[in-house]
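Since the structure comes first, as structure tokens, the remarks are kept for the end.
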Amino acid sequence: MSRSELARHTGLNRSTIRDLVGELGSNGLVAEGRGTTRHGPGRPSSVATPRPEGAVVLAAELEVDSMAVATVGLGGHIFDEIRVPTSQVSRSPEDMVSDLAHLGRPLIASLPAGHRLVGVGVGVAGVVRRQDGFVHVAPNLGWSNVPLRGMISEELGLSRVMMANEADLGVLAEHRRGAGRNQRHLIYVAGEVGVGIGVIYDGKPMLGAAGYAGEAGHTMVNPAGRACRCGSVGCWETEVGEEALARHSGVSEGDAREGLVDEIVRRAQAGDARTLAAVGEIGRWLGLGIGNLINTFNPELVVIGGFFDQLYPWLEPAMNAGAQQMALSAPWMTCSIRRSELGADAVLIGAAELVFAEIIADPSALPAAVGSLVGRAAT
Ligand SMILES: [Zn+2]
């Protein structure tokens with residue numbers, strides 16, 4: 001944005017904007033150059049843009065069946081990314097942390113000179129206390145009471161490590177850089193092994209008292225339903241998670257050539273009747289749950305992510321019908337449902353945003369010398 005646009009968006013006066021842009025510029029976070037915006041006749045104004053190399057985060061997503069690690073620069077620019085499938089067998093936190101470091105170190109080492117690593121951001125499929133990165137429970141990973149932040153910090157030799165529930169990071173990313181830009185009331189619904197939601201309420205993340213809000217996957221939708229890994233019965237994710245998808249479609253892990261969802265997509269594209277019926281059934285339950293969320297939160301937008309996004313073309317009709325059936329007409333009329341714009345990268349970008357927010361709030365906390373935070377990670 002130009003300085004005058006920044007002044008308009010923030011309500012700050014021009015001299016304050018000049019000082020702030022100057023401070024961010026001297027910290028290497030922002031560059032100013034001749035841009036394309038033009039107000040009336042005359043020279044185009046100077047435009048301030050984020051410098052991705054000025055602040056780079058090692059972002060990681062710890063999923064049940066995959067792990068992704070990326071280097072993400074300020075502004076959401078992904079320099080490099082690795083995603084690897086992991087065993088479906090429950091894996092120990094120690095193994096996951098070791099794998100994360102194994103994947104992350106080469107990415108850090110490959111950053112060109114002048115790129116400043118500022119920290120690590122991690123998304124976890126579980127109930128995470130943000131304050132200290134303590135994972136209370138991650139039912140689908142089989143974890144409880146894991147001091148994950150300390151473990152990652154020690155393994156990588158990096159001090160700034162921040163983490164959050166993956167759906168909370170998904171909604172943050174879609175709000176800042178994806179389908180929910182300029183929206184103030186937004187819900188992100190992502191299908192993985194379980195289902196997670198993240199909520200932006202009146203422009204701010206809705207986290208609850210300790211950061212545990214949004215566990216809609218463990219709200220009851222079917223009292224006559226199946227046992228859930230959380231210990232309850234009939235939770236939403238028992239009707240819409242990957243296990244339900246496998247059950248309805250008859251595709252077992254043994255049949256899946258690449259992975260369950262890829263196989264379902266392949267069969268849906270081929271028009272396989274049982275697969276289409278299975279995806280429709282998932283869509284119906286997904287829609288009913290979304291209708292509950294629409295009634296509760298009155299969002300402007302619901303963004304669909306995770307494997308629901310991959311299956312969207314086939315899910316959409318039953319999902320919309322279910323949501324419309326459940327939602328009251330007034331909140332339904334003012335809400336739209338849209339696919340994720342960031343797709344599989346949403347959680348990684350959100351994990352980086354978590355760290356950037358801290359940097360932007362206090363640029364003086366940046367490491368003084370480029371690479372000074374890298375420590376033994378680069379060795
Ligand atoms: Zn549950």
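Going through the structure tokens in order, the chains are called A, B, and so on, while each chain numbers its residues from 1 and the ligands are numbered from 1 in the order shown.
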Write out as a count of residues only each polymer residue (protein, DNA or RNA) that has an atom no more than 12 Å from ligand 1, with only C-alpha atoms and all ligand atoms counted. 35
Secondary structure check, strand (DSSP E or B) residues of region 169-258 of chain A, as a ChimeraX atom specification: /A:186-191,195-201,204-205,220,227,233,235
Using only C-alpha atoms, which of the listed residues (A:Val122, A:Ile152, A:Ile337, A:Val199) sits closest to Asp309 (chain A)?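 Closest to Asp309 (chain A), using only C-alpha atoms: A:Ile337.
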Near-Arg267 (chain A) list (12 Å; only C-alpha atoms; drop same-chain fewer than 4 positions) as a PyMOL selection string: chain A and resi 249-251+255-257+260-263+271-279+311+314
Write out as a Markdown table the residues of region 6-107 of chain A that have any atom within 12 Å of an atom of region 172-185 of chain A, one row each with the nearest atom pair and its distance in Å to one decimal, counting only C-alpha atoms, sorted by chain and then rising number.
| residue | atom | partner | partner_atom | distance |
| --- | --- | --- | --- | --- |
| A:His9 | CA | A:Asn182 | CA | 11.5 |
| A:Leu74 | CA | A:Arg177 | CA | 11.4 |
| A:Gly75 | CA | A:Arg177 | CA | 8.3 |
| A:Gly76 | CA | A:Arg177 | CA | 7.3 |
| A:His77 | CA | A:Arg177 | CA | 10.3 |
Prev. selection, N, CA and C atoms, output as a compact mmCIF listing (two decimals), in the first residue's frame:
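So the final result, stored in out-v2.txt, reads:
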# COMPACT_ATOMS: atom_id res chain seq x y z
N HIS A 9 -6.39 3.28 5.91
CA HIS A 9 -6.78 2.00 6.50
C HIS A 9 -6.60 1.98 8.01
N LEU A 74 7.71 -13.15 5.35
CA LEU A 74 6.73 -12.12 5.67
C LEU A 74 5.91 -11.78 4.42
N GLY A 75 4.58 -11.72 4.59
CA GLY A 75 3.70 -11.51 3.44
C GLY A 75 3.12 -12.81 2.93
N GLY A 76 3.52 -13.95 3.54
CA GLY A 76 2.95 -15.24 3.17
C GLY A 76 3.66 -15.93 2.01
N HIS A 77 4.87 -15.47 1.69
CA HIS A 77 5.60 -16.07 0.57
C HIS A 77 6.25 -17.38 1.00
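Here the alpha helix (DSSP H) residues in region 195-260 of chain A, by DSSP on the backbone, are A:Trp236, A:Glu237, A:Thr238, A:Glu239, A:Val240, A:Glu242, A:Glu243, A:Ala244, A:Leu245, A:Ala246, A:Arg247, A:His248, A:Ser249, A:Leu260.
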Would you mind listing what lies within 10 Å of region 79-88 of chain A as number ranges by chain, with only C-alpha atoms counted and same-chain residues fewer than 3 positions away left out? A: 52-53, 56, 58-73, 76, 91, 96, 99, 103-104, 107-108, 110-111, 140-141, 253, 258-259, 344-345, 348
